[in-house]
file coords20.cif (mmCIF, C-alpha atoms)
data_query
loop_
_atom_site.group_PDB
_atom_site.id
_atom_site.type_symbol
_atom_site.label_atom_id
_atom_site.label_comp_id
_atom_site.auth_asym_id
_atom_site.auth_seq_id
_atom_site.Cartn_x
_atom_site.Cartn_y
_atom_site.Cartn_z
ATOM 1 C CA MET Y 1 85.218 39.143 283.955
ATOM 2 C CA ALA Y 2 86.177 42.782 283.557
ATOM 3 C CA THR Y 3 87.812 43.950 280.328
ATOM 4 C CA VAL Y 4 90.008 47.024 280.719
ATOM 5 C CA LEU Y 5 91.741 48.850 277.889
ATOM 6 C CA SER Y 6 95.346 49.926 278.257
ATOM 7 C CA TYR Y 7 96.783 53.298 277.389
ATOM 8 C CA ASN Y 8 99.947 55.178 278.362
ATOM 9 C CA ASP Y 9 101.253 51.789 279.541
ATOM 10 C CA SER Y 10 99.909 52.258 283.074
ATOM 11 C CA HIS Y 11 96.445 53.816 282.866
ATOM 12 C CA GLU Y 12 97.873 57.124 283.946
ATOM 13 C CA LEU Y 13 95.602 60.139 283.656
ATOM 14 C CA VAL Y 14 95.476 61.984 280.367
ATOM 15 C CA THR Y 15 94.396 65.331 281.741
ATOM 16 C CA GLN Y 16 92.614 68.026 279.826
ATOM 17 C CA GLU Y 17 94.862 71.058 279.484
ATOM 18 C CA THR Y 18 92.122 73.666 279.718
ATOM 19 C CA TYR Y 19 88.803 73.794 281.569
ATOM 20 C CA TYR Y 20 86.916 73.450 278.270
ATOM 21 C CA ASN Y 21 88.974 70.655 276.709
ATOM 22 C CA CYS Y 22 87.236 67.642 278.244
ATOM 23 C CA GLY Y 23 86.057 66.585 274.772
ATOM 24 C CA PRO Y 24 89.559 66.548 273.291
ATOM 25 C CA GLY Y 25 90.930 65.051 276.532
ATOM 26 C CA SER Y 26 88.459 62.144 276.446
ATOM 27 C CA SER Y 27 89.055 61.598 272.737
ATOM 28 C CA GLN Y 28 92.784 61.578 273.387
ATOM 29 C CA ILE Y 29 92.319 58.746 275.907
ATOM 30 C CA VAL Y 30 90.317 56.688 273.390
ATOM 31 C CA LEU Y 31 92.933 57.199 270.695
ATOM 32 C CA GLU Y 32 95.774 56.410 273.119
ATOM 33 C CA ALA Y 33 94.114 53.051 273.776
ATOM 34 C CA ARG Y 34 94.446 52.388 270.047
ATOM 35 C CA GLY Y 35 98.104 53.411 270.044
ATOM 36 C CA ILE Y 36 97.326 56.672 268.227
ATOM 37 C CA HIS Y 37 99.033 59.706 269.749
ATOM 38 C CA VAL Y 38 97.550 63.114 269.002
ATOM 39 C CA SER Y 39 98.115 66.342 270.901
ATOM 40 C CA GLU Y 40 95.189 67.911 272.696
ATOM 41 C CA ALA Y 41 95.682 71.141 270.782
ATOM 42 C CA GLU Y 42 95.380 69.332 267.458
ATOM 43 C CA LEU Y 43 92.314 67.450 268.640
ATOM 44 C CA SER Y 44 90.698 70.691 269.778
ATOM 45 C CA ALA Y 45 90.991 72.083 266.269
ATOM 46 C CA VAL Y 46 89.647 68.910 264.647
ATOM 47 C CA LEU Y 47 86.705 68.674 267.078
ATOM 48 C CA GLY Y 48 85.762 72.335 266.756
ATOM 49 C CA THR Y 49 86.327 72.923 270.469
ATOM 50 C CA THR Y 50 86.149 76.500 271.764
ATOM 51 C CA VAL Y 51 86.007 78.146 275.182
ATOM 52 C CA ASN Y 52 82.381 76.986 275.185
ATOM 53 C CA GLY Y 53 83.453 73.363 274.887
ATOM 54 C CA THR Y 54 82.987 70.777 272.152
ATOM 55 C CA PRO Y 55 79.620 71.238 270.395
ATOM 56 C CA SER Y 56 78.291 67.655 270.506
ATOM 57 C CA ILE Y 57 79.035 63.954 270.387
ATOM 58 C CA ASP Y 58 78.732 64.173 266.603
ATOM 59 C CA ASN Y 59 81.925 66.257 266.623
ATOM 60 C CA ILE Y 60 83.611 63.626 268.786
ATOM 61 C CA ALA Y 61 82.619 60.795 266.415
ATOM 62 C CA ALA Y 62 83.846 62.687 263.350
ATOM 63 C CA GLY Y 63 87.102 63.602 265.074
ATOM 64 C CA LEU Y 64 87.846 60.033 266.181
ATOM 65 C CA ASN Y 65 87.115 58.730 262.683
ATOM 66 C CA HIS Y 66 89.545 61.308 261.304
ATOM 67 C CA TYR Y 67 92.352 59.369 263.019
ATOM 68 C CA ASP Y 68 90.837 55.884 263.269
ATOM 69 C CA ALA Y 69 88.402 55.283 260.411
ATOM 70 C CA GLU Y 70 88.616 51.507 260.876
ATOM 71 C CA SER Y 71 86.698 51.673 264.162
ATOM 72 C CA GLN Y 72 83.720 53.475 262.571
ATOM 73 C CA TYR Y 73 82.860 55.613 265.582
ATOM 74 C CA ALA Y 74 79.233 56.686 265.705
ATOM 75 C CA SER Y 75 76.998 58.804 267.911
ATOM 76 C CA MET Y 76 74.256 57.266 269.996
ATOM 77 C CA TRP Y 77 71.900 59.953 271.220
ATOM 78 C CA MET Y 78 69.892 59.357 274.402
ATOM 79 C CA PRO Y 79 67.237 62.111 274.198
ATOM 80 C CA ASN Y 80 64.798 60.717 276.751
ATOM 81 C CA ASP Y 81 65.215 61.652 280.401
ATOM 82 C CA PRO Y 82 64.870 59.230 282.040
ATOM 83 C CA PRO Y 83 66.065 56.929 279.255
ATOM 84 C CA LYS Y 84 63.843 54.109 278.064
ATOM 85 C CA ALA Y 85 64.775 50.547 279.001
ATOM 86 C CA ASP Y 86 65.503 49.540 275.400
ATOM 87 C CA GLU Y 87 67.792 52.583 275.003
ATOM 88 C CA VAL Y 88 69.743 51.571 278.092
ATOM 89 C CA ASP Y 89 70.039 47.982 276.865
ATOM 90 C CA LEU Y 90 71.280 49.144 273.474
ATOM 91 C CA MET Y 91 73.809 51.518 275.028
ATOM 92 C CA ARG Y 92 75.091 48.734 277.278
ATOM 93 C CA GLU Y 93 75.439 46.342 274.354
ATOM 94 C CA ARG Y 94 77.315 48.908 272.261
ATOM 95 C CA ILE Y 95 79.719 49.753 275.051
ATOM 96 C CA ALA Y 96 80.379 46.063 275.695
ATOM 97 C CA ARG Y 97 81.002 45.425 271.999
ATOM 98 C CA SER Y 98 83.363 48.377 271.691
ATOM 99 C CA ILE Y 99 85.405 47.432 274.752
ATOM 100 C CA ALA Y 100 85.577 43.766 273.714
ATOM 101 C CA TRP Y 101 86.994 44.960 270.363
ATOM 102 C CA GLY Y 102 89.635 47.066 272.094
ATOM 103 C CA ARG Y 103 87.980 50.443 271.520
ATOM 104 C CA GLY Y 104 86.958 52.982 274.118
ATOM 105 C CA CYS Y 105 83.840 55.138 274.103
ATOM 106 C CA VAL Y 106 83.232 58.789 274.899
ATOM 107 C CA ALA Y 107 80.243 59.828 276.999
ATOM 108 C CA ASN Y 108 78.784 63.329 277.202
ATOM 109 C CA VAL Y 109 77.278 63.713 280.685
ATOM 110 C CA VAL Y 110 74.996 66.347 282.162
ATOM 111 C CA VAL Y 111 74.808 65.824 285.925
ATOM 112 C CA PRO Y 112 73.239 67.887 288.708
ATOM 113 C CA PRO Y 113 74.566 67.375 292.255
ATOM 114 C CA SER Y 114 71.856 64.767 292.895
ATOM 115 C CA ASN Y 115 73.241 62.608 290.087
ATOM 116 C CA TYR Y 116 77.007 62.979 290.357
ATOM 117 C CA PRO Y 117 78.877 59.734 289.512
ATOM 118 C CA GLN Y 118 78.607 57.101 292.235
ATOM 119 C CA ALA Y 119 81.676 54.900 292.144
ATOM 120 C CA VAL Y 120 81.359 51.142 292.673
ATOM 121 C CA PRO Y 121 84.190 49.295 294.492
ATOM 122 C CA LYS Y 122 85.636 46.220 292.812
ATOM 123 C CA SER Y 123 86.725 43.003 294.477
ATOM 124 C CA ASP Y 124 89.905 42.814 292.377
ATOM 125 C CA PRO Y 125 92.339 45.341 293.895
ATOM 126 C CA ASN Y 126 94.475 45.268 290.750
ATOM 127 C CA LEU Y 127 91.783 46.952 288.663
ATOM 128 C CA PRO Y 128 92.070 50.708 288.143
ATOM 129 C CA GLY Y 129 89.574 52.499 290.358
ATOM 130 C CA ALA Y 130 88.984 49.388 292.476
ATOM 131 C CA ALA Y 131 88.754 51.412 295.704
ATOM 132 C CA GLY Y 132 85.384 52.799 294.657
ATOM 133 C CA GLN Y 133 86.120 56.463 295.338
ATOM 134 C CA SER Y 134 83.792 58.838 293.497
ATOM 135 C CA PRO Y 135 85.267 61.817 291.608
ATOM 136 C CA GLY Y 136 85.162 65.275 293.117
ATOM 137 C CA TYR Y 137 82.435 66.854 291.017
ATOM 138 C CA GLY Y 138 81.073 70.118 292.373
ATOM 139 C CA GLY Y 139 79.758 73.586 291.635
ATOM 140 C CA GLY Y 140 76.261 72.661 290.456
ATOM 141 C CA ILE Y 141 75.404 71.032 287.148
ATOM 142 C CA VAL Y 142 78.466 69.537 285.465
ATOM 143 C CA TYR Y 143 78.586 69.429 281.657
ATOM 144 C CA HIS Y 144 81.419 67.111 280.801
ATOM 145 C CA TYR Y 145 82.961 64.522 278.466
ATOM 146 C CA ILE Y 146 84.477 61.336 279.892
ATOM 147 C CA ALA Y 147 86.061 58.227 278.367
ATOM 148 C CA VAL Y 148 84.734 54.702 278.937
ATOM 149 C CA VAL Y 149 87.698 52.318 278.962
ATOM 150 C CA GLY Y 150 86.382 49.149 280.586
ATOM 151 C CA TYR Y 151 83.313 47.003 281.094
ATOM 152 C CA ASP Y 152 82.442 44.264 283.597
ATOM 153 C CA PRO Y 153 79.342 42.183 282.780
ATOM 154 C CA GLU Y 154 79.384 40.488 286.182
ATOM 155 C CA ASP Y 155 78.131 43.599 287.973
ATOM 156 C CA ASP Y 156 77.238 45.677 284.892
ATOM 157 C CA THR Y 157 79.787 48.406 285.531
ATOM 158 C CA CYS Y 158 81.873 50.640 283.265
ATOM 159 C CA LEU Y 159 85.355 51.925 283.958
ATOM 160 C CA ILE Y 160 85.518 55.684 283.486
ATOM 161 C CA SER Y 161 88.682 57.612 282.710
ATOM 162 C CA ASP Y 162 87.939 61.221 283.593
ATOM 163 C CA PRO Y 163 90.295 63.841 282.109
ATOM 164 C CA GLY Y 164 89.124 66.615 284.415
ATOM 165 C CA PHE Y 165 88.497 65.270 287.919
ATOM 166 C CA GLN Y 166 90.220 63.180 290.550
ATOM 167 C CA PRO Y 167 90.276 60.304 291.096
ATOM 168 C CA SER Y 168 90.666 59.877 287.380
ATOM 169 C CA HIS Y 169 89.483 56.246 287.328
ATOM 170 C CA PHE Y 170 86.270 54.900 288.816
ATOM 171 C CA TRP Y 171 83.635 52.289 288.026
ATOM 172 C CA VAL Y 172 79.954 53.203 287.745
ATOM 173 C CA LYS Y 173 76.833 51.188 287.057
ATOM 174 C CA THR Y 174 75.975 51.157 283.370
ATOM 175 C CA GLY Y 175 72.221 51.364 283.836
ATOM 176 C CA ASN Y 176 69.688 54.018 284.695
ATOM 177 C CA VAL Y 177 70.390 54.315 288.415
ATOM 178 C CA PRO Y 178 71.502 57.374 290.416
ATOM 179 C CA GLY Y 179 75.080 58.100 289.429
ATOM 180 C CA GLY Y 180 74.957 55.430 286.717
ATOM 181 C CA LEU Y 181 76.148 56.086 283.183
ATOM 182 C CA ALA Y 182 72.759 55.853 281.447
ATOM 183 C CA SER Y 183 71.254 58.377 283.844
ATOM 184 C CA MET Y 184 74.154 60.788 283.351
ATOM 185 C CA VAL Y 185 74.323 60.907 279.547
ATOM 186 C CA THR Y 186 70.740 61.983 278.895
ATOM 187 C CA PRO Y 187 69.774 64.010 276.925
ATOM 188 C CA HIS Y 188 73.099 63.707 275.112
ATOM 189 C CA GLY Y 189 74.665 60.274 274.636
ATOM 190 C CA ILE Y 190 77.801 58.328 273.816
ATOM 191 C CA VAL Y 191 80.215 57.720 270.954
ATOM 192 C CA TRP Y 192 80.950 54.045 270.310
ATOM 193 C CA ALA Y 193 82.851 51.927 267.780
ATOM 194 C CA SER Y 194 80.125 50.768 265.408
ATOM 195 C CA GLY Y 195 82.558 48.555 263.529
ATOM 196 C CA ALA Y 196 82.745 46.240 266.542
ATOM 197 C CA PRO Y 197 81.575 42.688 265.819
ATOM 198 C CA GLU Y 198 78.495 41.292 267.504
ATOM 199 C CA LEU Y 199 79.110 39.627 270.847
ATOM 200 C CA ALA Y 200 78.765 35.851 270.979
ATOM 201 C CA ALA Y 201 75.502 34.762 272.574
ATOM 202 C CA ALA Y 202 75.839 33.239 276.018
ATOM 203 C CA ALA Y 203 75.153 29.508 276.216
ATOM 204 C CA PRO Y 204 71.702 28.800 277.664
ATOM 205 C CA PRO Y 205 71.617 27.062 281.051
ATOM 206 C CA ALA Y 206 71.034 23.311 281.069
ATOM 207 C CA ALA Y 207 67.397 22.360 281.315
ATOM 208 C CA ALA Y 208 66.272 20.984 284.651
ATOM 209 C CA VAL Y 209 64.866 17.472 284.857
ATOM 210 C CA PRO Y 210 61.065 17.829 284.924
ATOM 211 C CA ASP Y 211 59.186 16.319 287.853
ATOM 212 C CA GLY Y 212 58.011 12.790 287.174
ATOM 213 C CA ILE Y 213 61.040 11.638 285.150
ATOM 214 C CA PRO Y 214 62.749 8.969 287.270
ATOM 215 C CA THR Y 215 66.448 8.432 287.586
ATOM 216 C CA VAL Y 216 68.113 5.775 285.463
ATOM 217 C CA ILE Y 217 69.993 2.728 286.609
ATOM 218 C CA GLY Y 218 73.721 2.993 286.998
ATOM 219 C CA ARG Y 219 76.209 2.403 284.228
ATOM 220 C CA ASN Y 220 77.562 -0.765 285.836
ATOM 221 C CA GLY Y 221 74.356 -2.210 287.204
ATOM 222 C CA PRO Y 222 71.150 -1.377 288.989
ATOM 223 C CA LYS Y 223 72.643 1.185 291.376
ATOM 224 C CA PRO Y 224 70.478 4.306 290.937
ATOM 225 C CA TYR Y 225 71.958 7.199 289.024
ATOM 226 C CA THR Y 226 70.449 10.653 289.478
ATOM 227 C CA ALA Y 227 70.280 12.752 286.311
ATOM 228 C CA TYR Y 228 70.444 16.509 286.850
ATOM 229 C CA SER Y 229 69.563 17.653 283.357
ATOM 230 C CA ILE Y 230 67.593 16.430 280.366
ATOM 231 C CA ASP Y 231 70.774 15.898 278.362
ATOM 232 C CA ASP Y 232 72.249 13.911 281.239
ATOM 233 C CA LYS Y 233 69.081 11.854 281.573
ATOM 234 C CA VAL Y 234 68.926 10.973 277.885
ATOM 235 C CA SER Y 235 72.652 10.303 277.678
ATOM 236 C CA HIS Y 236 72.619 7.797 280.504
ATOM 237 C CA THR Y 237 69.409 6.167 279.345
ATOM 238 C CA ALA Y 238 70.962 5.723 275.900
ATOM 239 C CA HIS Y 239 74.001 4.152 277.522
ATOM 240 C CA GLU Y 240 71.870 1.631 279.398
ATOM 241 C CA VAL Y 241 69.781 0.738 276.365
ATOM 242 C CA THR Y 242 72.607 0.367 273.874
ATOM 243 C CA MET Y 243 75.454 -0.986 276.003
ATOM 244 C CA TRP Y 244 74.688 -2.329 279.457
ATOM 245 C CA LEU Y 245 71.439 -4.238 278.888
ATOM 246 C CA PRO Y 246 72.524 -6.034 275.677
ATOM 247 C CA GLY Y 247 75.861 -6.894 277.290
ATOM 248 C CA ARG Y 248 74.145 -8.261 280.370
ATOM 249 C CA THR Y 249 71.795 -10.289 278.182
ATOM 250 C CA MET Y 250 74.704 -11.983 276.461
ATOM 251 C CA ARG Y 251 76.751 -12.423 279.647
ATOM 252 C CA ASP Y 252 74.091 -13.611 282.080
ATOM 253 C CA GLY Y 253 71.636 -15.001 279.520
ATOM 254 C CA LEU Y 254 73.024 -16.865 276.530
ATOM 255 C CA GLY Y 255 76.374 -17.409 278.243
ATOM 256 C CA ASP Y 256 74.783 -19.225 281.156
ATOM 257 C CA PHE Y 257 72.404 -21.022 278.823
ATOM 258 C CA LEU Y 258 75.329 -22.528 276.934
ATOM 259 C CA THR Y 259 77.436 -23.492 279.962
ATOM 260 C CA ASN Y 260 74.931 -24.273 282.715
ATOM 261 C CA PRO Y 261 71.972 -26.452 281.635
ATOM 262 C CA ALA Y 262 70.535 -26.239 285.144
ATOM 263 C CA ARG Y 263 69.831 -22.555 284.563
ATOM 264 C CA VAL Y 264 68.395 -22.837 281.075
ATOM 265 C CA ASP Y 265 64.926 -21.653 282.001
ATOM 266 C CA THR Y 266 66.056 -18.864 284.334
ATOM 267 C CA SER Y 267 68.824 -17.643 282.043
ATOM 268 C CA PHE Y 268 66.735 -17.796 278.932
ATOM 269 C CA GLY Y 269 63.871 -16.015 280.660
ATOM 270 C CA HIS Y 270 66.244 -13.315 281.882
ATOM 271 C CA SER Y 271 67.559 -12.900 278.355
ATOM 272 C CA ILE Y 272 64.079 -12.419 276.995
ATOM 273 C CA ASN Y 273 63.200 -9.980 279.757
ATOM 274 C CA ALA Y 274 66.377 -7.982 279.250
ATOM 275 C CA ALA Y 275 65.911 -7.836 275.510
ATOM 276 C CA SER Y 276 62.296 -6.800 275.910
ATOM 277 C CA LEU Y 277 63.220 -4.147 278.442
ATOM 278 C CA ALA Y 278 65.884 -2.836 276.078
ATOM 279 C CA ARG Y 279 63.320 -2.465 273.293
ATOM 280 C CA VAL Y 280 60.865 -0.737 275.600
ATOM 281 C CA ASN Y 281 63.541 1.601 276.926
ATOM 282 C CA HIS Y 282 64.695 2.312 273.405
ATOM 283 C CA GLU Y 283 61.188 3.376 272.419
ATOM 284 C CA ILE Y 284 60.866 5.534 275.543
ATOM 285 C CA LEU Y 285 64.235 7.102 274.818
ATOM 286 C CA VAL Y 286 63.339 7.946 271.214
ATOM 287 C CA ARG Y 287 60.033 9.501 272.203
ATOM 288 C CA LEU Y 288 61.530 11.440 275.094
ATOM 289 C CA ALA Y 289 64.365 12.791 272.953
ATOM 290 C CA ALA Y 290 61.939 13.833 270.214
ATOM 291 C CA LYS Y 291 59.719 15.632 272.693
ATOM 292 C CA LEU Y 292 62.627 17.465 274.279
ATOM 293 C CA GLY Y 293 64.399 18.224 271.010
ATOM 294 C CA VAL Y 294 67.581 16.367 272.030
ATOM 295 C CA ASP Y 295 69.748 14.856 269.281
ATOM 296 C CA ILE Y 296 70.630 11.247 270.190
ATOM 297 C CA SER Y 297 71.667 10.093 266.748
ATOM 298 C CA ASP Y 298 75.208 9.498 267.964
ATOM 299 C CA VAL Y 299 74.195 7.012 270.660
ATOM 300 C CA ILE Y 300 71.451 4.869 269.075
#
call {"tool": "encode", "arguments": {"input": "coords20.cif", "output": "structure tokens"}}
result
Amino acid sequence: MATVLSYNDSHELVTQETYYNCGPGSSQIVLEARGIHVSEAELSAVLGTTVNGTPSIDNIAAGLNHYDAESQYASMWMPNDPPKADEVDLMRERIARSIAWGRGCVANVVVPPSNYPQAVPKSDPNLPGAAGQSPGYGGGIVYHYIAVVGYDPEDDTCLISDPGFQPSHFWVKTGNVPGGLASMVTPHGIVWASGAPELAAAAPPAAAVPDGIPTVIGRNGPKPYTAYSIDDKVSHTAHEVTMWLPGRTMRDGLGDFLTNPARVDTSFGHSINAASLARVNHEILVRLAAKLGVDISDVI
């Protein structure tokens, strides 16, 4: 699910006021998302911005920390072009952490016409930039700062808020693909909130039932039950061993033995068989659980 930060109440564009103020404009967006309102002129002075632009992402990080020290903004340089896979993974993880913590990032892009941002349409029409219209970059290589204000792990896209071009909001792939964020920030990088907590690890998928492990009998009798995971298999086997078989032994075995002398041999034999089968199944269950590393202490 996409996470999108809010600023100016309606994601309206925070435009840069001069052609060289994209650094202050992007920083202003990030601070607005934190509820911190600073004029672009003041930010320009703090960031050391001149008619030649803002010197580097280090200036951006220092400027953001001047107003929001809690977030611990830090530079992440991406010097390799193309970026290495581990650099891209780390950048993705840091953006995701920052956005999940409610902090935006600033990216310093260097893009020739062959690598202008390529917007990705979104299925949710209520998301900013859902139409997938790319911004109107032009005039050769573009040296620019942009704000990252959203992340969607489902398709690995980032929401960009661009202070200098229209449309101001668009989603791009995070990775090293044409028009993707990782390909655009080299050899510069991003500024992210290093104080962001680690993301919770995703739960691993359930293990498939290996070939050769049969299904177990049903909970209420011998009707076959198909187990679709190891946990499911062990759980149902434990149920049969500890509940159904002993109950059936008492009901159909000793009960009949006491009330129906004509079935003494059959009932008693069934009781022995059921009890024996329960012990065998119990041993199989214990060994299977130990081999698979499944905790069954709560059912046996």
call {"tool": "resolve_selection", "arguments": {"input": "coords20.cif", "expression": "the PyMOL selection byres ((chain Y and resi 151) around 6)", "output": "list in words"}}
result
Ala2, Thr3, Gly150, Asp152, Thr157 and Cys158 of chain Y
call {"tool": "write_last_selection", "arguments": {"input": "coords20.cif", "atoms": "C-alpha atoms", "output": "mmCIF file, in the frame of the given file"}}
result
data_model
loop_
_atom_site.group_PDB
_atom_site.id
_atom_site.type_symbol
_atom_site.label_atom_id
_atom_site.label_comp_id
_atom_site.auth_asym_id
_atom_site.auth_seq_id
_atom_site.Cartn_x
_atom_site.Cartn_y
_atom_site.Cartn_z
ATOM 1 C CA ALA Y 2 86.177 42.782 283.557
ATOM 2 C CA THR Y 3 87.812 43.950 280.328
ATOM 3 C CA GLY Y 150 86.382 49.149 280.586
ATOM 4 C CA ASP Y 152 82.442 44.264 283.597
ATOM 5 C CA THR Y 157 79.787 48.406 285.531
ATOM 6 C CA CYS Y 158 81.873 50.640 283.265
#
call {"tool": "atom_distance", "arguments": {"input": "coords20.cif", "atom1": "atom CA of Asp124 of chain Y", "atom2": "atom CA of Pro153 of chain Y"}}
result
14.3 Å
call {"tool": "closest_residue", "arguments": {"input": "coords20.cif", "among": "Y:Ala74, Y:Leu292, Y:Leu31, Y:Val148", "to": "Ala96 of chain Y", "atoms": "only C-alpha atoms"}}
result
Y:Val148
call {"tool": "resolve_selection", "arguments": {"input": "coords20.cif", "expression": "the PyMOL selection byres ((chain Y and resi 80-88) around 7)", "output": "PDB file with C-alpha atoms, keeping the file's coordinate frame"}}
result
ATOM      1  CA  MET Y  78      69.892  59.357 274.402  1.00  0.00           C
ATOM      2  CA  PRO Y  79      67.237  62.111 274.198  1.00  0.00           C
ATOM      3  CA  ASP Y  89      70.039  47.982 276.865  1.00  0.00           C
ATOM      4  CA  LEU Y  90      71.280  49.144 273.474  1.00  0.00           C
ATOM      5  CA  MET Y  91      73.809  51.518 275.028  1.00  0.00           C
ATOM      6  CA  ARG Y  92      75.091  48.734 277.278  1.00  0.00           C
ATOM      7  CA  GLY Y 175      72.221  51.364 283.836  1.00  0.00           C
ATOM      8  CA  ALA Y 182      72.759  55.853 281.447  1.00  0.00           C
ATOM      9  CA  SER Y 183      71.254  58.377 283.844  1.00  0.00           C
ATOM     10  CA  THR Y 186      70.740  61.983 278.895  1.00  0.00           C
ATOM     11  CA  PRO Y 187      69.774  64.010 276.925  1.00  0.00           C
TER      12      PRO Y 187
END
call {"tool": "closest_residue", "arguments": {"input": "coords20.cif", "among": "Y:Arg103, Y:His66, Y:Lys173, Y:His144", "to": "Val30 of chain Y", "atoms": "all atoms listed in the file"}}
result
Y:Arg103
call {"tool": "resolve_selection", "arguments": {"input": "coords20.cif", "expression": "the PyMOL selection byres ((chain Y and resi 59-61) around 7)", "output": "PyMOL selection string"}}
result
chain Y and resi 47+55-58+62-65+73-75+191
call {"tool": "write_last_selection", "arguments": {"input": "coords20.cif", "atoms": "C-alpha atoms", "output": "PDB file, in the frame of the given file"}}
result
ATOM      1  CA  LEU Y  47      86.705  68.674 267.078  1.00  0.00           C
ATOM      2  CA  PRO Y  55      79.620  71.238 270.395  1.00  0.00           C
ATOM      3  CA  SER Y  56      78.291  67.655 270.506  1.00  0.00           C
ATOM      4  CA  ILE Y  57      79.035  63.954 270.387  1.00  0.00           C
ATOM      5  CA  ASP Y  58      78.732  64.173 266.603  1.00  0.00           C
ATOM      6  CA  ALA Y  62      83.846  62.687 263.350  1.00  0.00           C
ATOM      7  CA  GLY Y  63      87.102  63.602 265.074  1.00  0.00           C
ATOM      8  CA  LEU Y  64      87.846  60.033 266.181  1.00  0.00           C
ATOM      9  CA  ASN Y  65      87.115  58.730 262.683  1.00  0.00           C
ATOM     10  CA  TYR Y  73      82.860  55.613 265.582  1.00  0.00           C
ATOM     11  CA  ALA Y  74      79.233  56.686 265.705  1.00  0.00           C
ATOM     12  CA  SER Y  75      76.998  58.804 267.911  1.00  0.00           C
ATOM     13  CA  VAL Y 191      80.215  57.720 270.954  1.00  0.00           C
TER      14      VAL Y 191
END
call {"tool": "residues_around", "arguments": {"input": "coords20.cif", "residues": "Met184 of chain Y", "least_positions_apart": "4", "cutoff": "12 Å", "atoms": "only C-alpha atoms", "output": "ChimeraX atom specification"}}
result
/Y:78-83,88,107-118,141-146,172-180,188-190
call {"tool": "closest_residue", "arguments": {"input": "coords20.cif", "among": "Y:Met1, Y:Val106, Y:Ala147, Y:Ala69", "to": "Lys122 of chain Y", "atoms": "all atoms listed in the file"}}
result
Y:Met1
call {"tool": "atom_distance", "arguments": {"input": "coords20.cif", "atom1": "atom CA of Val46 of chain Y", "atom2": "atom CA of Pro24 of chain Y"}}
result
9.0 Å
call {"tool": "atom_distance", "arguments": {"input": "coords20.cif", "atom1": "atom CA of Glu40 of chain Y", "atom2": "atom CA of Pro135 of chain Y"}}
result
22.2 Å
call {"tool": "residues_around", "arguments": {"input": "coords20.cif", "residues": "His169 of chain Y", "least_positions_apart": "6", "cutoff": "8 Å", "atoms": "only C-alpha atoms", "output": "list in words"}}
result
Pro128, Gly129, Leu159, Ile160, Ser161 and Asp162 of chain Y
call {"tool": "decode", "arguments": {"input": "coords20.cif", "residues": "segment 87-105 of chain Y", "atoms": "C-alpha atoms", "output": "compact mmCIF listing (two decimals), in the first residue's frame"}}
result
# COMPACT_ATOMS: atom_id res chain seq x y z
CA GLU Y 87 23.51 1.02 -3.30
CA VAL Y 88 20.08 0.96 -4.92
CA ASP Y 89 18.75 -1.44 -2.28
CA LEU Y 90 20.08 0.76 0.51
CA MET Y 91 18.62 3.90 -1.04
CA ARG Y 92 15.24 2.20 -1.40
CA GLU Y 93 15.29 1.02 2.21
CA ARG Y 94 16.19 4.49 3.50
CA ILE Y 95 13.48 6.19 1.49
CA ALA Y 96 10.91 3.65 2.69
CA ARG Y 97 11.98 4.12 6.31
CA SER Y 98 11.83 7.90 6.05
CA ILE Y 99 8.39 7.95 4.46
CA ALA Y 100 7.02 5.39 6.93
CA TRP Y 101 8.22 7.71 9.73
CA GLY Y 102 6.46 10.70 8.18
CA ARG Y 103 9.56 12.37 6.75
CA GLY Y 104 10.24 13.29 3.15
CA CYS Y 105 13.54 13.03 1.31
